[in-house]
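Undergrad: Let me begin by handing over the structure; questions about it come next.
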There are 2 protein chains.
Amino acid sequence: MHAEQAIFAALADPSRRAIFERLARGEAAVKDLTARGEISQPAVSQHLAALRDAGLVAQRREGRLVYYRVDPKGLRPLVDWIAHYQAFWVDKLAGLRALLEELE
Amino acid sequence: MHAEQAIFAALADPSRRAIFERLARGEAAVKDLTARGEISQPAVSQHLAALRDAGLVAQRREGRLVYYRVDPKGLRPLVDWIAHYQAFWVDKLAGLRALLEELE
DNA sequence: ACAACGAATAAGCGCATGCTTATTGATTCA
DNA sequence: TGAATCAATAAGCATGCGCTTATTCGTTGT
């Protein structure tokens with residue numbers, strides 16, 4: 001599985017990471033994310049599409065507003081990747097991974 | 001601190017991640033990494049420079065060979081980032097972070 | 001000193017990517 | 001139906017980035 005490719009690529013961009021971090025503090029509509037005016041609405045939508053394709057966020061439509069939220073499972077491949085390639089951490093990270101199972 | 005910027009950027013590239021994963025299995029000289037011929041020596045050196053600037057690998061010179069190895073502390077900012085922006089994980093990840101402290 | 005080897009740097013090129021403006025699509029309300 | 005609002009898509013552009021070849025630097029050995 002190459003899920004981590006899309007995840008790393010998605011989070012490598014500062015604007016995208018900022019959006020993700022914003023969503024981590026709570027659900028928000030595209031309108032809200034655009035409001036700060038730092039970036040155009042299309043740019044925001046494009047970033048959200050990248051985050052969605054990476055499995056990091058999910059969307060929910062309510063009327064004409066589209067709300068985006070962080071998908072808790074989204075970062076799992078990242079944690080798995082770290083655990084897999086850090087052999088000396090694997091044992092201790094096992095607990096964390098089990099924990100993530102619970103959350104799903 | 002914007003350490004995670006360089007880390008995400010470094011790991012977003014497949015070739016670079018492949019090199020990192022290779023080094024995670026053990027120290028290797030640039031010569032060894034170039035040997036597979038999939039990529040030129042300058043490209044390898046450039047990737048290694050990016051990984052080094054991100055704090056993910058360290059180098060050691062021995063004669064005319066330069067050996068690279070994974071820096072165990074390198075991925076810490078990544079774990080910290082995950083913990084920080086996943087509010088609902090923070091409590092449970094706290095244990096992991098403490099663990100990372102031990103390893104250093 | 002000189003040749004050979006390993007690695008880093010320089011310079012240039014092609015392609016990916018993040019932005020913009022313009023447009024289309026979808027939904028609500030008068 | 002038509003206007004207004006929110007979001008997604010299209011198209012185009014500029015910059016960044018990863019690769020290459022060529023060169024330079026550092027080290028070893030003859």
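Going through the structure tokens in order, the chains are called A, B, and so on, while each chain numbers its residues from 1 and the ligands are numbered from 1 in the order shown.
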For C:DC15, list every protein, DNA or RNA residue within 12 Å, evaluated using only C-alpha atoms (C1' of nucleotides), and leave out those in the same chain fewer than 2 positions away; present the list as a ChimeraX atom specification.
TA: /C:13,17 /D:15-19
Undergrad: Please tabulate, as CSV, the residues of chain A that come within 6 Å of chain B, each with its closest pair of atoms and the distance in Å to one decimal, counting only C-alpha atoms and ordering rows by chain, then residue number upward.
TA:
```
residue,atom,partner,partner_atom,distance
A:Phe8,CA,B:Ala12,CA,4.7
A:Ala9,CA,B:Ala12,CA,4.8
A:Ala12,CA,B:Phe8,CA,4.7
A:Ala24,CA,B:Tyr85,CA,6.0
```
Undergrad: Need to verify the contact set: stretch 33-49 of chain B, 8 Å, only C-alpha atoms (C1' of nucleotides), exclusion of same-chain residues closer than 3 positions in sequence. Can you return it as a PDB file with N, CA and C atoms (P, O5', C5', C4', C3', O3' and C1' of nucleotides), in the first residue's frame?
TA:
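Written file, out06.pdb:
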```
ATOM      1  N   SER B  15      11.903   8.631  -4.001  1.00  0.00           N
ATOM      2  CA  SER B  15      13.313   8.229  -4.031  1.00  0.00           C
ATOM      3  C   SER B  15      13.964   8.494  -2.688  1.00  0.00           C
ATOM      4  N   ARG B  16      13.630   9.642  -2.115  1.00  0.00           N
ATOM      5  CA  ARG B  16      14.245  10.019  -0.851  1.00  0.00           C
ATOM      6  C   ARG B  16      13.755   9.109   0.264  1.00  0.00           C
ATOM      7  N   ILE B  19      15.559   5.862   0.052  1.00  0.00           N
ATOM      8  CA  ILE B  19      16.903   5.961   0.620  1.00  0.00           C
ATOM      9  C   ILE B  19      16.840   5.918   2.140  1.00  0.00           C
ATOM     10  N   ALA B  28      25.030   3.010   5.481  1.00  0.00           N
ATOM     11  CA  ALA B  28      25.503   2.721   4.122  1.00  0.00           C
ATOM     12  C   ALA B  28      26.246   3.920   3.572  1.00  0.00           C
ATOM     13  N   ALA B  29      27.220   3.628   2.705  1.00  0.00           N
ATOM     14  CA  ALA B  29      27.980   4.697   2.066  1.00  0.00           C
ATOM     15  C   ALA B  29      27.257   5.133   0.796  1.00  0.00           C
ATOM     16  N   VAL B  30      27.559   6.332   0.355  1.00  0.00           N
ATOM     17  CA  VAL B  30      26.962   6.851  -0.867  1.00  0.00           C
ATOM     18  C   VAL B  30      27.228   5.878  -2.010  1.00  0.00           C
ATOM     19  N   ARG B  52      19.569  15.167   5.311  1.00  0.00           N
ATOM     20  CA  ARG B  52      20.433  15.690   6.376  1.00  0.00           C
ATOM     21  C   ARG B  52      19.916  17.032   6.873  1.00  0.00           C
ATOM     22  N   ASP B  53      19.539  17.911   5.946  1.00  0.00           N
ATOM     23  CA  ASP B  53      19.014  19.224   6.346  1.00  0.00           C
ATOM     24  C   ASP B  53      17.733  19.093   7.152  1.00  0.00           C
ATOM     25  N   VAL B  57      18.975  12.181   8.786  1.00  0.00           N
ATOM     26  CA  VAL B  57      20.153  11.318   8.714  1.00  0.00           C
ATOM     27  C   VAL B  57      21.395  12.080   9.155  1.00  0.00           C
TER      28      VAL B  57
ATOM     29  P    DA C   7      31.168   7.285  -1.662  1.00  0.00           P
ATOM     30  O5'  DA C   7      31.050   8.866  -1.794  1.00  0.00           O
ATOM     31  C5'  DA C   7      31.730   9.685  -0.830  1.00  0.00           C
ATOM     32  C4'  DA C   7      31.542  11.143  -1.158  1.00  0.00           C
ATOM     33  C3'  DA C   7      30.092  11.617  -1.273  1.00  0.00           C
ATOM     34  O3'  DA C   7      29.882  12.618  -0.293  1.00  0.00           O
ATOM     35  C1'  DA C   7      31.430  12.444  -3.070  1.00  0.00           C
ATOM     36  P    DA C   8      28.489  13.396  -0.186  1.00  0.00           P
ATOM     37  O5'  DA C   8      28.808  14.817  -0.850  1.00  0.00           O
ATOM     38  C5'  DA C   8      29.902  15.572  -0.342  1.00  0.00           C
ATOM     39  C4'  DA C   8      30.091  16.829  -1.168  1.00  0.00           C
ATOM     40  C3'  DA C   8      28.837  17.692  -1.330  1.00  0.00           C
ATOM     41  O3'  DA C   8      29.180  19.045  -1.085  1.00  0.00           O
ATOM     42  C1'  DA C   8      29.732  17.173  -3.455  1.00  0.00           C
TER      43       DA C   8
ATOM     44  P    DG D  18      12.415  17.344  -4.869  1.00  0.00           P
ATOM     45  O5'  DG D  18      12.822  16.172  -5.870  1.00  0.00           O
ATOM     46  C5'  DG D  18      11.871  15.711  -6.798  1.00  0.00           C
ATOM     47  C4'  DG D  18      12.575  15.244  -8.056  1.00  0.00           C
ATOM     48  C3'  DG D  18      13.878  14.483  -7.806  1.00  0.00           C
ATOM     49  O3'  DG D  18      13.911  13.314  -8.605  1.00  0.00           O
ATOM     50  C1'  DG D  18      14.267  16.292  -9.265  1.00  0.00           C
ATOM     51  P    DC D  19      15.046  12.233  -8.404  1.00  0.00           P
ATOM     52  O5'  DC D  19      15.930  12.393  -9.729  1.00  0.00           O
ATOM     53  C5'  DC D  19      15.398  11.941 -10.969  1.00  0.00           C
ATOM     54  C4'  DC D  19      16.070  12.650 -12.126  1.00  0.00           C
ATOM     55  C3'  DC D  19      17.560  12.374 -12.265  1.00  0.00           C
ATOM     56  O3'  DC D  19      17.775  11.214 -13.059  1.00  0.00           O
ATOM     57  C1'  DC D  19      16.993  14.675 -12.693  1.00  0.00           C
TER      58       DC D  19
END
```
Undergrad: Once you count only C-alpha atoms (C1' of nucleotides), which residues of chain D turn out to be within 10 Å of chain B? Could you give them as an NGL selection string?
TA: :D and (18-21 or 26-28)
Undergrad: Taking only residues of chain C that have an atom at most 12 Å from an atom of chain B, what is each one's shortest atom pair and its distance in Å to one decimal, using only C-alpha atoms (C1' of nucleotides), in chain and number order, as a Markdown table?
TA:
```
| residue | atom | partner | partner_atom | distance |
| --- | --- | --- | --- | --- |
| C:DA4 | C1' | B:Arg64 | CA | 11.7 |
| C:DC5 | C1' | B:Arg64 | CA | 8.0 |
| C:DG6 | C1' | B:Arg64 | CA | 5.5 |
| C:DA7 | C1' | B:Val66 | CA | 7.4 |
| C:DA8 | C1' | B:Ser45 | CA | 7.1 |
| C:DT9 | C1' | B:Pro42 | CA | 8.9 |
| C:DA10 | C1' | B:Pro42 | CA | 11.1 |
```
Undergrad: Dump N, CA and C atoms (P, O5', C5', C4', C3', O3' and C1' of nucleotides) for the selected residues as a compact mmCIF listing (two decimals), in the first residue's frame?
TA:
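See part.txt below for the written result:
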```
# COMPACT_ATOMS: atom_id res chain seq x y z
P DA C 4 44.45 6.88 -14.19
O5' DA C 4 43.65 6.49 -12.86
C5' DA C 4 44.24 5.56 -11.95
C4' DA C 4 43.34 5.39 -10.75
C3' DA C 4 41.84 5.35 -11.10
O3' DA C 4 41.21 4.34 -10.31
C1' DA C 4 42.23 7.03 -9.52
P DC C 5 39.78 3.82 -10.76
O5' DC C 5 38.92 4.15 -9.46
C5' DC C 5 39.39 3.72 -8.20
C4' DC C 5 38.78 4.59 -7.12
C3' DC C 5 37.26 4.72 -7.19
O3' DC C 5 36.71 4.25 -5.97
C1' DC C 5 38.29 6.82 -6.83
P DG C 6 35.13 3.93 -5.95
O5' DG C 6 34.58 5.07 -4.98
C5' DG C 6 35.20 5.23 -3.71
C4' DG C 6 34.71 6.50 -3.07
C3' DG C 6 33.20 6.72 -3.16
O3' DG C 6 32.72 7.04 -1.86
C1' DG C 6 34.36 8.62 -3.99
P DA C 7 31.17 7.29 -1.66
O5' DA C 7 31.05 8.87 -1.79
C5' DA C 7 31.73 9.69 -0.83
C4' DA C 7 31.54 11.14 -1.16
C3' DA C 7 30.09 11.62 -1.27
O3' DA C 7 29.88 12.62 -0.29
C1' DA C 7 31.43 12.44 -3.07
P DA C 8 28.49 13.40 -0.19
O5' DA C 8 28.81 14.82 -0.85
C5' DA C 8 29.90 15.57 -0.34
C4' DA C 8 30.09 16.83 -1.17
C3' DA C 8 28.84 17.69 -1.33
O3' DA C 8 29.18 19.04 -1.09
C1' DA C 8 29.73 17.17 -3.45
P DT C 9 28.07 20.16 -1.01
O5' DT C 9 28.22 20.92 -2.41
C5' DT C 9 29.48 21.47 -2.76
C4' DT C 9 29.47 21.91 -4.21
C3' DT C 9 28.31 22.83 -4.61
O3' DT C 9 28.85 24.03 -5.12
C1' DT C 9 28.63 21.13 -6.20
P DA C 10 27.89 25.23 -5.55
O5' DA C 10 27.88 25.17 -7.15
C5' DA C 10 29.05 24.75 -7.83
C4' DA C 10 28.91 24.99 -9.32
C3' DA C 10 27.80 25.95 -9.72
O3' DA C 10 28.19 26.66 -10.88
C1' DA C 10 27.31 23.79 -10.56
```
